[in-house]
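Structure data (TSV, C-alpha atoms) from model38.tsv:
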```tsv
chain	number	residue	atom	x	y	z
R	1	PRO	CA	-0.20	166.30	-15.72
R	2	ARG	CA	0.57	168.79	-18.47
R	3	PRO	CA	-2.83	169.95	-19.83
R	4	ARG	CA	-2.21	169.47	-23.58
R	5	ARG	CA	-0.54	166.10	-23.21
R	6	ALA	CA	-3.18	164.82	-20.78
R	7	LEU	CA	-5.93	166.01	-23.11
R	8	LEU	CA	-4.81	163.84	-26.02
R	9	ARG	CA	-3.11	160.83	-24.43
R	10	PRO	CA	-3.28	158.95	-21.13
R	11	VAL	CA	-1.11	160.49	-18.42
R	12	PRO	CA	-0.86	158.87	-14.98
R	13	PRO	CA	-2.82	158.62	-12.78
R	14	PHE	CA	-5.47	158.57	-15.57
R	15	SER	CA	-5.81	155.50	-17.81
R	16	ARG	CA	-7.39	157.39	-20.71
R	17	ALA	CA	-6.98	160.80	-22.33
R	18	LEU	CA	-9.02	163.56	-20.68
R	19	LEU	CA	-10.53	164.31	-24.08
R	20	TRP	CA	-12.83	161.32	-23.61
R	21	SER	CA	-14.14	162.75	-20.34
R	22	GLY	CA	-15.10	165.89	-22.25
R	23	VAL	CA	-16.81	163.83	-24.94
R	24	GLN	CA	-18.77	161.97	-22.25
R	25	ASP	CA	-19.94	165.27	-20.80
R	26	LEU	CA	-21.13	166.51	-24.19
R	27	LEU	CA	-23.10	163.30	-24.84
R	28	THR	CA	-24.59	162.78	-21.36
R	29	PRO	CA	-28.13	164.14	-20.77
R	30	ALA	CA	-28.65	166.67	-17.98
R	31	GLY	CA	-29.51	165.28	-14.58
R	32	THR	CA	-33.00	165.67	-13.18
R	33	GLU	CA	-32.30	165.50	-9.44
R	34	PRO	CA	-32.42	168.76	-7.40
R	35	ASP	CA	-29.10	167.83	-5.77
R	36	GLU	CA	-26.40	165.22	-6.16
R	37	SER	CA	-23.13	164.30	-4.49
R	38	VAL	CA	-20.03	165.73	-6.13
R	39	HIS	CA	-18.78	162.20	-6.84
R	40	ALA	CA	-22.03	161.03	-8.44
R	41	PHE	CA	-22.22	164.19	-10.56
R	42	ALA	CA	-18.61	163.88	-11.75
R	43	GLN	CA	-18.90	160.17	-12.48
R	44	ARG	CA	-22.08	160.67	-14.47
R	45	ARG	CA	-20.70	163.54	-16.53
R	46	PHE	CA	-16.96	162.78	-16.82
R	47	GLY	CA	-16.41	159.15	-15.84
R	48	ARG	CA	-15.33	157.21	-12.78
R	49	GLU	CA	-11.64	158.16	-12.88
R	50	ALA	CA	-12.45	161.86	-13.00
R	51	ALA	CA	-14.67	161.41	-9.95
R	52	ASP	CA	-12.30	159.11	-8.02
R	53	ILE	CA	-9.16	161.15	-8.67
R	54	ALA	CA	-9.78	164.73	-9.84
R	55	LEU	CA	-12.97	165.69	-8.01
R	56	ASP	CA	-12.11	163.59	-4.96
R	57	SER	CA	-8.78	165.44	-4.62
R	58	LEU	CA	-10.37	168.82	-5.30
R	59	CYS	CA	-12.96	168.33	-2.54
R	60	ARG	CA	-10.20	167.30	-0.12
R	61	GLY	CA	-8.21	170.42	-0.99
R	62	VAL	CA	-11.08	172.91	-0.75
R	63	PHE	CA	-13.37	171.39	1.89
R	64	ALA	CA	-11.16	168.70	3.47
R	65	GLY	CA	-14.26	166.67	2.73
R	66	ASP	CA	-15.53	163.49	1.12
R	67	CYS	CA	-16.86	164.06	-2.41
R	68	ARG	CA	-19.29	161.18	-1.86
R	69	ALA	CA	-21.04	163.17	0.87
R	70	LEU	CA	-20.65	166.75	-0.38
R	71	SER	CA	-23.33	168.47	-2.49
R	72	VAL	CA	-22.39	169.56	-6.00
R	73	ARG	CA	-25.18	172.15	-5.94
R	74	SER	CA	-23.77	173.87	-2.86
R	75	CYS	CA	-20.03	173.19	-3.23
R	76	PHE	CA	-19.70	173.82	-6.97
R	77	PRO	CA	-22.81	175.76	-8.02
R	78	ALA	CA	-21.17	176.89	-11.27
R	79	LEU	CA	-20.91	173.26	-12.44
R	80	PHE	CA	-24.46	172.46	-11.37
R	81	GLU	CA	-25.89	175.54	-13.07
R	82	ALA	CA	-23.85	174.95	-16.23
R	83	GLU	CA	-25.43	171.52	-16.65
R	84	GLN	CA	-28.90	172.88	-15.95
R	85	ARG	CA	-28.47	175.71	-18.48
R	86	ARG	CA	-26.95	173.82	-21.39
R	87	GLY	CA	-27.25	170.12	-20.62
R	88	SER	CA	-23.45	169.97	-20.49
R	89	VAL	CA	-20.95	171.33	-17.97
R	90	LEU	CA	-18.42	172.24	-20.64
R	91	LEU	CA	-20.98	174.00	-22.84
R	92	GLY	CA	-22.54	175.76	-19.86
R	93	LEU	CA	-19.19	177.11	-18.71
R	94	ALA	CA	-18.12	178.08	-22.23
R	95	LEU	CA	-21.37	179.76	-23.30
R	96	GLY	CA	-22.24	181.43	-20.01
R	97	SER	CA	-25.67	182.28	-18.68
R	98	GLY	CA	-27.50	183.06	-21.90
R	99	GLU	CA	-30.94	181.67	-22.75
R	100	CYS	CA	-31.25	177.89	-22.75
R	101	GLY	CA	-32.86	175.96	-25.52
R	102	ASP	CA	-34.32	173.46	-23.09
R	103	GLY	CA	-37.34	174.59	-21.09
R	104	GLU	CA	-36.71	172.13	-18.27
R	105	ALA	CA	-33.11	173.33	-17.93
R	106	ARG	CA	-34.32	176.92	-17.83
R	107	ARG	CA	-36.79	176.10	-15.08
R	108	GLY	CA	-34.06	174.26	-13.16
R	109	VAL	CA	-31.83	177.33	-13.13
R	110	THR	CA	-34.74	179.58	-12.19
R	111	ALA	CA	-35.57	177.30	-9.27
R	112	LEU	CA	-31.94	177.32	-8.19
R	113	ARG	CA	-31.86	181.11	-8.14
R	114	ARG	CA	-35.12	181.23	-6.20
R	115	ALA	CA	-33.90	178.80	-3.56
R	116	GLY	CA	-33.42	180.61	-0.29
R	117	THR	CA	-33.31	184.36	0.14
R	118	ALA	CA	-30.64	186.99	-0.29
R	119	ALA	CA	-29.95	186.71	3.43
R	120	LEU	CA	-27.95	183.54	2.89
R	121	LEU	CA	-27.52	182.53	-0.72
R	122	PRO	CA	-25.19	183.87	-3.45
R	123	THR	CA	-27.92	186.04	-4.99
R	124	GLY	CA	-27.12	188.54	-2.25
R	125	LYS	CA	-23.51	188.78	-3.36
R	126	ALA	CA	-24.20	189.92	-6.90
R	127	HIS	CA	-24.90	193.53	-5.99
R	128	VAL	CA	-21.86	194.13	-3.78
R	129	ALA	CA	-19.72	196.92	-5.23
R	130	GLU	CA	-16.19	195.80	-6.04
R	131	SER	CA	-13.22	197.64	-4.62
R	132	GLY	CA	-10.44	198.87	-6.87
R	133	LEU	CA	-8.16	196.09	-5.64
R	134	SER	CA	-10.83	193.48	-6.37
R	135	GLN	CA	-11.29	194.87	-9.88
R	136	ARG	CA	-7.53	194.74	-10.43
R	137	ALA	CA	-7.39	191.13	-9.22
R	138	ARG	CA	-10.15	190.19	-11.65
R	139	ALA	CA	-8.54	192.04	-14.58
R	140	GLU	CA	-5.12	190.51	-13.91
R	141	ARG	CA	-6.62	187.06	-13.26
R	142	TRP	CA	-5.05	186.57	-9.85
R	143	SER	CA	-5.17	182.89	-8.91
R	144	GLN	CA	-4.04	183.53	-5.33
R	145	TRP	CA	-3.15	186.37	-3.00
R	146	SER	CA	-1.48	186.91	0.33
R	147	LEU	CA	-0.53	189.72	2.70
R	148	ARG	CA	3.05	190.86	3.34
R	149	GLY	CA	2.73	190.40	7.09
R	150	GLY	CA	0.68	187.22	6.92
R	151	MET	CA	-3.06	186.73	7.38
R	152	GLU	CA	-2.99	188.29	10.85
R	153	THR	CA	-2.55	191.59	9.01
R	154	LEU	CA	-6.24	191.43	8.05
R	155	PRO	CA	-7.78	191.51	11.57
R	156	GLU	CA	-5.09	193.97	12.70
R	157	ALA	CA	-6.05	196.33	9.88
R	158	LEU	CA	-9.73	195.99	10.80
R	159	VAL	CA	-8.98	196.92	14.40
R	160	ALA	CA	-6.85	199.89	13.34
R	161	PHE	CA	-9.67	201.11	11.10
R	162	LEU	CA	-12.59	200.57	13.49
R	163	ARG	CA	-11.34	201.76	16.88
R	164	PRO	CA	-10.68	205.41	15.87
R	165	ARG	CA	-14.23	205.47	14.50
R	166	GLY	CA	-15.79	204.70	17.85
R	167	VAL	CA	-16.41	200.99	17.38
R	168	GLU	CA	-16.22	199.04	20.65
R	169	LEU	CA	-14.36	195.73	20.31
R	170	ARG	CA	-14.77	192.94	22.87
R	171	CYS	CA	-11.92	190.49	22.34
R	172	HIS	CA	-11.69	187.06	24.00
R	173	ALA	CA	-15.30	187.40	25.15
R	174	PRO	CA	-17.23	184.32	23.97
R	175	LEU	CA	-20.95	184.71	23.49
R	176	ARG	CA	-22.78	182.82	26.26
R	177	ARG	CA	-26.41	183.44	25.30
R	178	LEU	CA	-28.47	185.37	22.77
R	179	ARG	CA	-31.84	186.49	24.11
R	180	ARG	CA	-34.66	188.45	22.47
R	181	ARG	CA	-36.00	191.25	24.69
R	182	HIS	CA	-39.62	192.40	24.91
R	183	ASP	CA	-38.81	195.47	22.81
R	184	GLY	CA	-37.51	193.23	19.98
R	185	ARG	CA	-33.85	194.00	20.56
R	186	TRP	CA	-31.17	191.41	21.28
R	187	GLU	CA	-29.35	190.96	24.55
R	188	LEU	CA	-25.95	189.31	24.20
R	189	ALA	CA	-24.66	187.67	27.39
R	190	LEU	CA	-20.85	187.85	27.66
R	191	PRO	CA	-18.52	186.69	30.46
R	192	ASP	CA	-18.09	190.28	31.72
R	193	GLY	CA	-21.62	191.59	31.24
R	194	SER	CA	-24.12	192.04	28.43
R	195	VAL	CA	-24.61	194.08	25.28
R	196	THR	CA	-27.91	195.22	23.75
R	197	ALA	CA	-28.24	195.39	19.97
R	198	ASP	CA	-30.91	196.29	17.42
R	199	HIS	CA	-29.46	193.84	14.90
R	200	VAL	CA	-26.86	191.06	15.14
R	201	VAL	CA	-24.57	190.09	12.29
R	202	CYS	CA	-23.26	186.68	13.29
R	203	ALA	CA	-20.12	185.06	11.89
R	204	LEU	CA	-20.06	182.21	14.43
R	205	PRO	CA	-19.90	178.68	13.03
R	206	ALA	CA	-23.44	177.33	12.62
R	207	ALA	CA	-23.11	174.76	15.41
R	208	ALA	CA	-21.74	177.35	17.85
R	209	LEU	CA	-24.61	179.74	17.11
R	210	ALA	CA	-27.11	176.92	17.68
R	211	GLU	CA	-25.91	176.54	21.27
R	212	VAL	CA	-26.54	180.17	22.27
R	213	LEU	CA	-29.93	180.76	20.64
R	214	PRO	CA	-33.06	181.17	22.81
R	215	GLU	CA	-35.49	178.26	23.19
R	216	GLU	CA	-38.05	179.81	20.86
R	217	ALA	CA	-35.49	179.60	18.05
R	218	GLU	CA	-35.09	175.82	18.38
R	219	PRO	CA	-36.22	175.19	14.76
R	220	LEU	CA	-33.37	177.43	13.63
R	221	ALA	CA	-30.92	175.80	16.04
R	222	ARG	CA	-31.86	172.36	14.73
R	223	GLU	CA	-31.01	173.36	11.16
R	224	LEU	CA	-27.75	174.97	12.26
R	225	ARG	CA	-26.64	171.84	14.12
R	226	SER	CA	-27.06	169.82	10.94
R	227	ILE	CA	-24.27	171.85	9.27
R	228	THR	CA	-21.28	169.84	10.41
R	229	ALA	CA	-17.59	170.70	10.20
R	230	VAL	CA	-14.34	168.73	10.04
R	231	SER	CA	-10.99	169.16	11.79
R	232	VAL	CA	-7.71	169.63	9.96
R	233	ALA	CA	-4.13	169.31	11.20
R	234	VAL	CA	-1.86	171.88	9.55
R	235	VAL	CA	1.87	171.15	9.72
R	236	ASN	CA	4.26	173.88	8.53
R	237	LEU	CA	7.76	172.66	7.67
R	238	GLN	CA	10.82	174.70	6.69
R	239	TYR	CA	13.90	173.13	5.10
R	240	GLN	CA	17.31	174.60	4.34
R	241	GLY	CA	19.65	173.76	1.48
R	242	VAL	CA	17.14	171.73	-0.50
R	243	VAL	CA	15.47	172.04	-3.88
R	244	LEU	CA	11.93	170.92	-4.66
R	245	PRO	CA	11.79	168.38	-7.50
R	246	VAL	CA	8.66	170.08	-8.88
R	247	THR	CA	7.19	173.57	-8.98
R	248	GLY	CA	3.66	174.81	-8.67
R	249	PHE	CA	1.16	175.63	-5.95
R	250	GLY	CA	1.28	172.15	-4.46
R	251	HIS	CA	-0.42	168.79	-4.88
R	252	LEU	CA	-3.50	167.04	-3.56
R	253	VAL	CA	-3.85	163.37	-2.70
R	254	PRO	CA	-6.96	161.33	-3.54
R	255	SER	CA	-8.57	159.48	-0.65
R	256	SER	CA	-7.99	156.14	-2.37
R	257	GLU	CA	-4.22	156.69	-2.10
R	258	ASP	CA	-3.92	158.01	1.45
R	259	PRO	CA	-7.06	159.08	3.33
R	260	ALA	CA	-5.14	160.86	6.11
R	261	LEU	CA	-3.03	163.06	3.81
R	262	LEU	CA	-5.09	165.77	2.10
R	263	GLY	CA	-2.24	167.47	0.29
R	264	ILE	CA	0.96	169.52	0.45
R	265	VAL	CA	1.23	173.23	-0.41
R	266	TYR	CA	4.56	174.54	-1.74
R	267	ASP	CA	4.52	177.84	0.14
R	268	SER	CA	7.96	178.97	-1.04
R	269	VAL	CA	6.93	178.61	-4.68
R	270	ALA	CA	3.69	180.55	-4.27
R	271	PHE	CA	5.05	183.30	-2.01
R	272	PRO	CA	8.85	183.27	-1.64
R	273	GLU	CA	8.53	186.71	0.00
R	274	HIS	CA	7.40	184.94	3.16
R	275	ASP	CA	10.56	182.85	3.47
R	276	GLY	CA	12.19	185.67	5.44
R	277	ALA	CA	15.46	187.49	4.80
R	278	ALA	CA	17.33	185.24	7.22
R	279	ALA	CA	16.29	182.09	5.37
R	280	GLY	CA	18.72	182.60	2.50
R	281	SER	CA	18.79	180.61	-0.73
R	282	GLY	CA	17.72	176.99	-0.67
R	283	SER	CA	14.97	177.62	1.86
R	284	VAL	CA	11.79	175.68	1.23
R	285	ARG	CA	8.53	176.08	3.17
R	286	LEU	CA	5.79	173.49	2.92
R	287	THR	CA	2.35	173.10	4.49
R	288	VAL	CA	1.06	169.57	4.98
R	289	MET	CA	-2.69	169.17	5.56
R	290	LEU	CA	-3.96	166.10	7.39
R	291	GLY	CA	-7.30	164.67	8.45
R	292	GLY	CA	-10.43	166.47	7.42
R	293	ALA	CA	-13.36	164.09	7.03
R	294	TRP	CA	-10.90	161.25	7.74
R	295	PHE	CA	-9.39	162.78	10.90
R	296	GLU	CA	-10.79	160.48	13.58
R	297	ARG	CA	-10.54	157.26	11.58
R	298	SER	CA	-6.90	158.12	10.79
R	299	PHE	CA	-5.70	159.50	14.12
R	300	GLY	CA	-8.40	158.74	16.69
R	301	ALA	CA	-10.26	161.13	18.95
R	302	THR	CA	-7.01	162.50	20.39
R	303	VAL	CA	-3.59	162.60	18.77
R	304	ALA	CA	-0.16	163.81	19.87
R	305	LEU	CA	1.28	166.70	17.92
R	306	SER	CA	4.51	164.72	17.57
R	307	GLU	CA	2.62	162.00	15.66
R	308	LEU	CA	1.22	164.58	13.25
R	309	ARG	CA	4.68	166.08	12.77
R	310	GLU	CA	6.18	162.67	11.99
R	311	ARG	CA	3.31	161.84	9.63
R	312	ALA	CA	3.83	165.11	7.73
R	313	GLN	CA	7.60	164.64	7.46
R	314	ALA	CA	7.09	161.11	6.19
R	315	ALA	CA	4.75	162.41	3.47
R	316	VAL	CA	7.34	164.95	2.36
R	317	ARG	CA	10.05	162.27	2.25
R	318	GLU	CA	7.92	159.84	0.28
R	319	GLN	CA	6.30	162.25	-2.16
R	320	LEU	CA	8.89	165.00	-2.62
R	321	GLY	CA	12.10	163.17	-1.79
R	322	LEU	CA	13.27	165.62	0.90
R	323	GLN	CA	15.15	163.25	3.20
R	324	GLN	CA	16.72	165.66	5.69
R	325	ALA	CA	14.95	166.87	8.80
R	326	PRO	CA	13.24	170.29	8.66
R	327	THR	CA	14.90	173.16	10.48
R	328	ARG	CA	11.56	174.42	11.81
R	329	THR	CA	8.13	172.92	12.34
R	330	ILE	CA	4.77	174.25	13.51
R	331	VAL	CA	1.87	171.88	14.20
R	332	ARG	CA	-1.70	173.02	14.81
R	333	VAL	CA	-4.97	171.11	14.93
R	334	HIS	CA	-7.89	173.29	13.87
R	335	GLN	CA	-10.98	171.76	15.39
R	336	ALA	CA	-14.21	171.74	13.35
R	337	CYS	CA	-12.72	174.41	11.07
R	338	ILE	CA	-14.26	173.70	7.65
R	339	PRO	CA	-18.04	173.38	7.27
R	340	GLN	CA	-19.31	170.50	5.15
R	341	TYR	CA	-21.97	171.32	2.56
R	342	THR	CA	-23.47	167.85	2.42
R	343	LEU	CA	-26.41	166.72	0.27
R	344	GLY	CA	-29.41	168.97	0.83
R	345	HIS	CA	-27.35	171.91	2.14
R	346	TRP	CA	-29.24	174.29	-0.15
R	347	GLN	CA	-32.52	173.16	1.44
R	348	ARG	CA	-31.12	173.71	4.92
R	349	THR	CA	-30.04	177.25	4.08
R	350	GLU	CA	-33.43	177.85	2.48
R	351	ARG	CA	-35.23	176.73	5.66
R	352	ILE	CA	-32.90	178.90	7.76
R	353	ALA	CA	-33.60	181.94	5.60
R	354	HIS	CA	-37.35	181.23	5.72
R	355	PHE	CA	-37.32	181.03	9.53
R	356	LEU	CA	-35.42	184.32	9.85
R	357	ALA	CA	-37.87	186.06	7.51
R	358	GLU	CA	-41.00	184.49	9.01
R	359	GLN	CA	-40.01	185.37	12.58
R	360	HIS	CA	-38.74	188.83	11.55
R	361	LEU	CA	-35.51	188.18	13.42
R	362	PRO	CA	-32.99	191.03	13.24
R	363	LEU	CA	-30.21	188.52	12.60
R	364	SER	CA	-27.84	188.20	9.62
R	365	LEU	CA	-25.82	185.01	9.22
R	366	ILE	CA	-22.44	185.31	7.55
R	367	GLY	CA	-19.21	183.32	7.53
R	368	ALA	CA	-18.16	179.95	6.17
R	369	SER	CA	-21.15	177.85	7.23
R	370	TYR	CA	-23.56	178.87	4.48
R	371	THR	CA	-22.47	179.98	1.00
R	372	GLY	CA	-18.71	179.50	0.73
R	373	VAL	CA	-15.76	178.42	2.89
R	374	SER	CA	-12.95	180.56	1.44
R	375	VAL	CA	-11.72	183.86	2.87
R	376	ASN	CA	-13.04	185.57	-0.26
R	377	ASP	CA	-16.48	183.99	0.27
R	378	CYS	CA	-16.58	185.11	3.90
R	379	ILE	CA	-15.65	188.68	2.99
R	380	ALA	CA	-18.30	188.71	0.25
R	381	SER	CA	-21.04	187.42	2.57
R	382	ALA	CA	-20.17	190.09	5.16
R	383	LYS	CA	-20.23	192.88	2.57
R	384	ALA	CA	-23.56	191.65	1.22
R	385	ALA	CA	-25.09	191.54	4.72
R	386	VAL	CA	-23.96	195.08	5.51
R	387	GLU	CA	-25.21	196.35	2.15
R	388	ARG	CA	-28.65	194.89	2.84
R	389	LEU	CA	-28.74	196.49	6.30
R	390	LEU	CA	-27.80	199.88	4.88
R	391	GLY	CA	-30.34	199.55	2.08
```
Same coordinates, now as structure tokens:
Amino acid sequence: PRPRRALLRPVPPFSRALLWSGVQDLLTPAGTEPDESVHAFAQRRFGREAADIALDSLCRGVFAGDCRALSVRSCFPALFEAEQRRGSVLLGLALGSGECGDGEARRGVTALRRAGTAALLPTGKAHVAESGLSQRARAERWSQWSLRGGMETLPEALVAFLRPRGVELRCHAPLRRLRRRHDGRWELALPDGSVTADHVVCALPAAALAEVLPEEAEPLARELRSITAVSVAVVNLQYQGVVLPVTGFGHLVPSSEDPALLGIVYDSVAFPEHDGAAAGSGSVRLTVMLGGAWFERSFGATVALSELRERAQAAVREQLGLQQAPTRTIVRVHQACIPQYTLGHWQRTERIAHFLAEQHLPLSLIGASYTGVSVNDCIASAKAAVERLLG
């Protein structure tokens, strides 16, 4: 809905003006629990509809997850901290991180910042120097970005940069076992041999790392296995000679409306440069996301790609009115691709960090399993890890 109109009067799917959700937030006392589900937090501060529709959809779009299971402290730390600082999310976001008037709120934020160590939690990101491009993005308030040749450009650029500098790359060589040698170094068992390392920076998903750790690291493996992930089917559709009835980045679908359908991204609106010169005018590219936390209950343990394709096309017909068949489709199922920061995730990462420090393990954990699932988050965690290693 249009922001100004929705603020002052009810706009579907909401039954009341959003202004009243803001009033509720300003009048509701700060929570006292160390963690809370995203849904419970949103319902307490903004009302049931905000939780059932807005935050439910947001969690499905970002995490492909269920807001009733996800942790607000770990998934949306800015909202959690804002309430702890000012007793109100809106006031906390508006007034920033200045001194609180409430001693309990101050202590809550201090405890939050203490939780874990810089090895895993966002405190380690604060000191990473920004590149010129990052500074430009911040100054120009970029809401999204892409690469001219697609996302594969990123790993290709990394390879082109690293190989001339003497970095050895082992592609398509899954890690079989990670073993600690008597001299304290790591031995990495690969299909074609082994590699010895003084320090390992690991971007494997948490569950995958748990399976290759040595027996003496079982306490760490146990924590890693508890960080689950969900599968998402991504269906890319291209249409010719059609016009979208709406513009924007796309739309998300609350779980109460259709659990299987997470949302639809309007790729041609966001980045028409990727339509291709041969596409011509009237070309529309869409990405339909299916499954997530609802994958198995919606499609079963195994599903034919044709069923996913038909399900995506039906969603486009019903919600965007594009009746003709697409000229091109790509269907991929990404297994266990998005980690789920469920209730208590901050405690899990704290215990992981404590084990690494206590055992003096030369191991840095980066990637999507710990402090953020976006590409930006993963890049930031890698930069922070390298900065700490270099001192």
Each residue of range 343-391 of chain R with at least one atom at most 12 Å from range 136-144 of chain R should appear once, together with its nearest atom pair and the corresponding distance in Å (one decimal); atoms considered: all atoms listed in the file; ordering: chain, then increasing residue number; output as CSV.
```
residue,atom,partner,partner_atom,distance
R:Ser374,CA,R:Gln144,CA,11.6
R:Val375,CA,R:Gln144,CA,11.2
R:Asn376,CA,R:Gln144,CA,10.5
```
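Closest to Thr302 in chain R among R:Gln319, R:Thr327, R:Gln335, R:Ser74 is R:Gln335, based on only C-alpha atoms.
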Go through R:Glu187, R:Glu83, R:Asp377, R:Glu36 and flag the residue nearest Cys67 in chain R, using only C-alpha atoms for the distances.
R:Glu36
Residue with smallest distance to Gly241 in chain R - pool R:Gln347, R:Ser134, R:Gln324, R:Thr287, counting all atoms listed in the file:
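Among the listed residues, the smallest separation from Gly241 in chain R belongs to R:Gln324.
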From the set R:Leu8, R:Val246, R:Ile366, R:Val89, which residue has the shortest atom-to-atom contact distance to Cys202 in chain R, counting only C-alpha atoms?
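Of R:Leu8, R:Val246, R:Ile366, R:Val89, the one nearest Cys202 in chain R, counting only C-alpha atoms, is R:Ile366.
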At a cut-off of 10 Å, using all atoms listed in the file, what residues contact Gly96 in chain R? Leave out same-chain residues fewer than 6 positions from it and give the result as a PyMOL selection string.
chain R and resi 78+81-82+85-86+90
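Rounded to one decimal, CA of Asp198 in chain R and CA of Gln359 in chain R lie 15.0 Å from each other.
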Choose the residue, out of R:Met289, R:Ala325, R:Leu244, R:Leu262, that has the smallest atom-to-atom separation from Asp56 in chain R; count only C-alpha atoms.
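The answer is R:Leu262, which sits nearest to Asp56 in chain R.
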Kindly indicate which residue among R:Ala30, R:Val159, R:Leu178, R:Leu204 lies nearest to Gly87 in chain R, using only C-alpha atoms for the distances.
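When distances to Gly87 in chain R are compared using only C-alpha atoms, the smallest one comes from R:Ala30.
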One decimal, Å: what's the distance from CA of Pro10 in chain R over to CA of Glu49 in chain R, could you say?
11.8 Å
Do a neighbour search on Leu286 in chain R at 9 Å with only C-alpha atoms, toss out local chain neighbours closer than 4 positions, and write the hits as a ChimeraX atom specification.
/R:235-239,250,264-268,316
Identify, on the basis of only C-alpha atoms, every residue whose closest approach to Leu305 in chain R does not exceed 8 Å; exclude the query and any residue fewer than 3 positions from it along the same chain; express the result as a PyMOL selection string.
chain R and resi 308-309+331-332
Please dump the current selection as an mmCIF file, keeping the file's coordinate frame; keep C-alpha atoms.
```
data_model
loop_
_atom_site.group_PDB
_atom_site.id
_atom_site.type_symbol
_atom_site.label_atom_id
_atom_site.label_comp_id
_atom_site.auth_asym_id
_atom_site.auth_seq_id
_atom_site.Cartn_x
_atom_site.Cartn_y
_atom_site.Cartn_z
ATOM 1 C CA LEU R 308 1.220 164.580 13.250
ATOM 2 C CA ARG R 309 4.680 166.080 12.770
ATOM 3 C CA VAL R 331 1.870 171.880 14.200
ATOM 4 C CA ARG R 332 -1.700 173.020 14.810
#
```
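Picture a line from CA of Glu156 in chain R to CA of Ala64 in chain R; it runs 27.6 Å.
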Would you pick out the contacts of Arg351 in chain R at 10 Å or less, using all atoms listed in the file, so that residues sharing its chain but fewer than 2 positions from it are not included, and give the list as a list of chain:residue names?
R:Ala115, R:Gly116, R:Thr117, R:Pro219, R:Leu220, R:Glu223, R:His345, R:Trp346, R:Gln347, R:Arg348, R:Thr349, R:Ala353, R:His354, R:Phe355, R:Leu356, R:Ala357
Long-range neighbours of Pro205 in chain R as a VMD selection string, 12 Å cut-off, only C-alpha atoms, 2 positions minimum in chain
chain R and resid 202 to 203 207 to 212 221 224 to 230 335 to 340 365 to 370 373 378
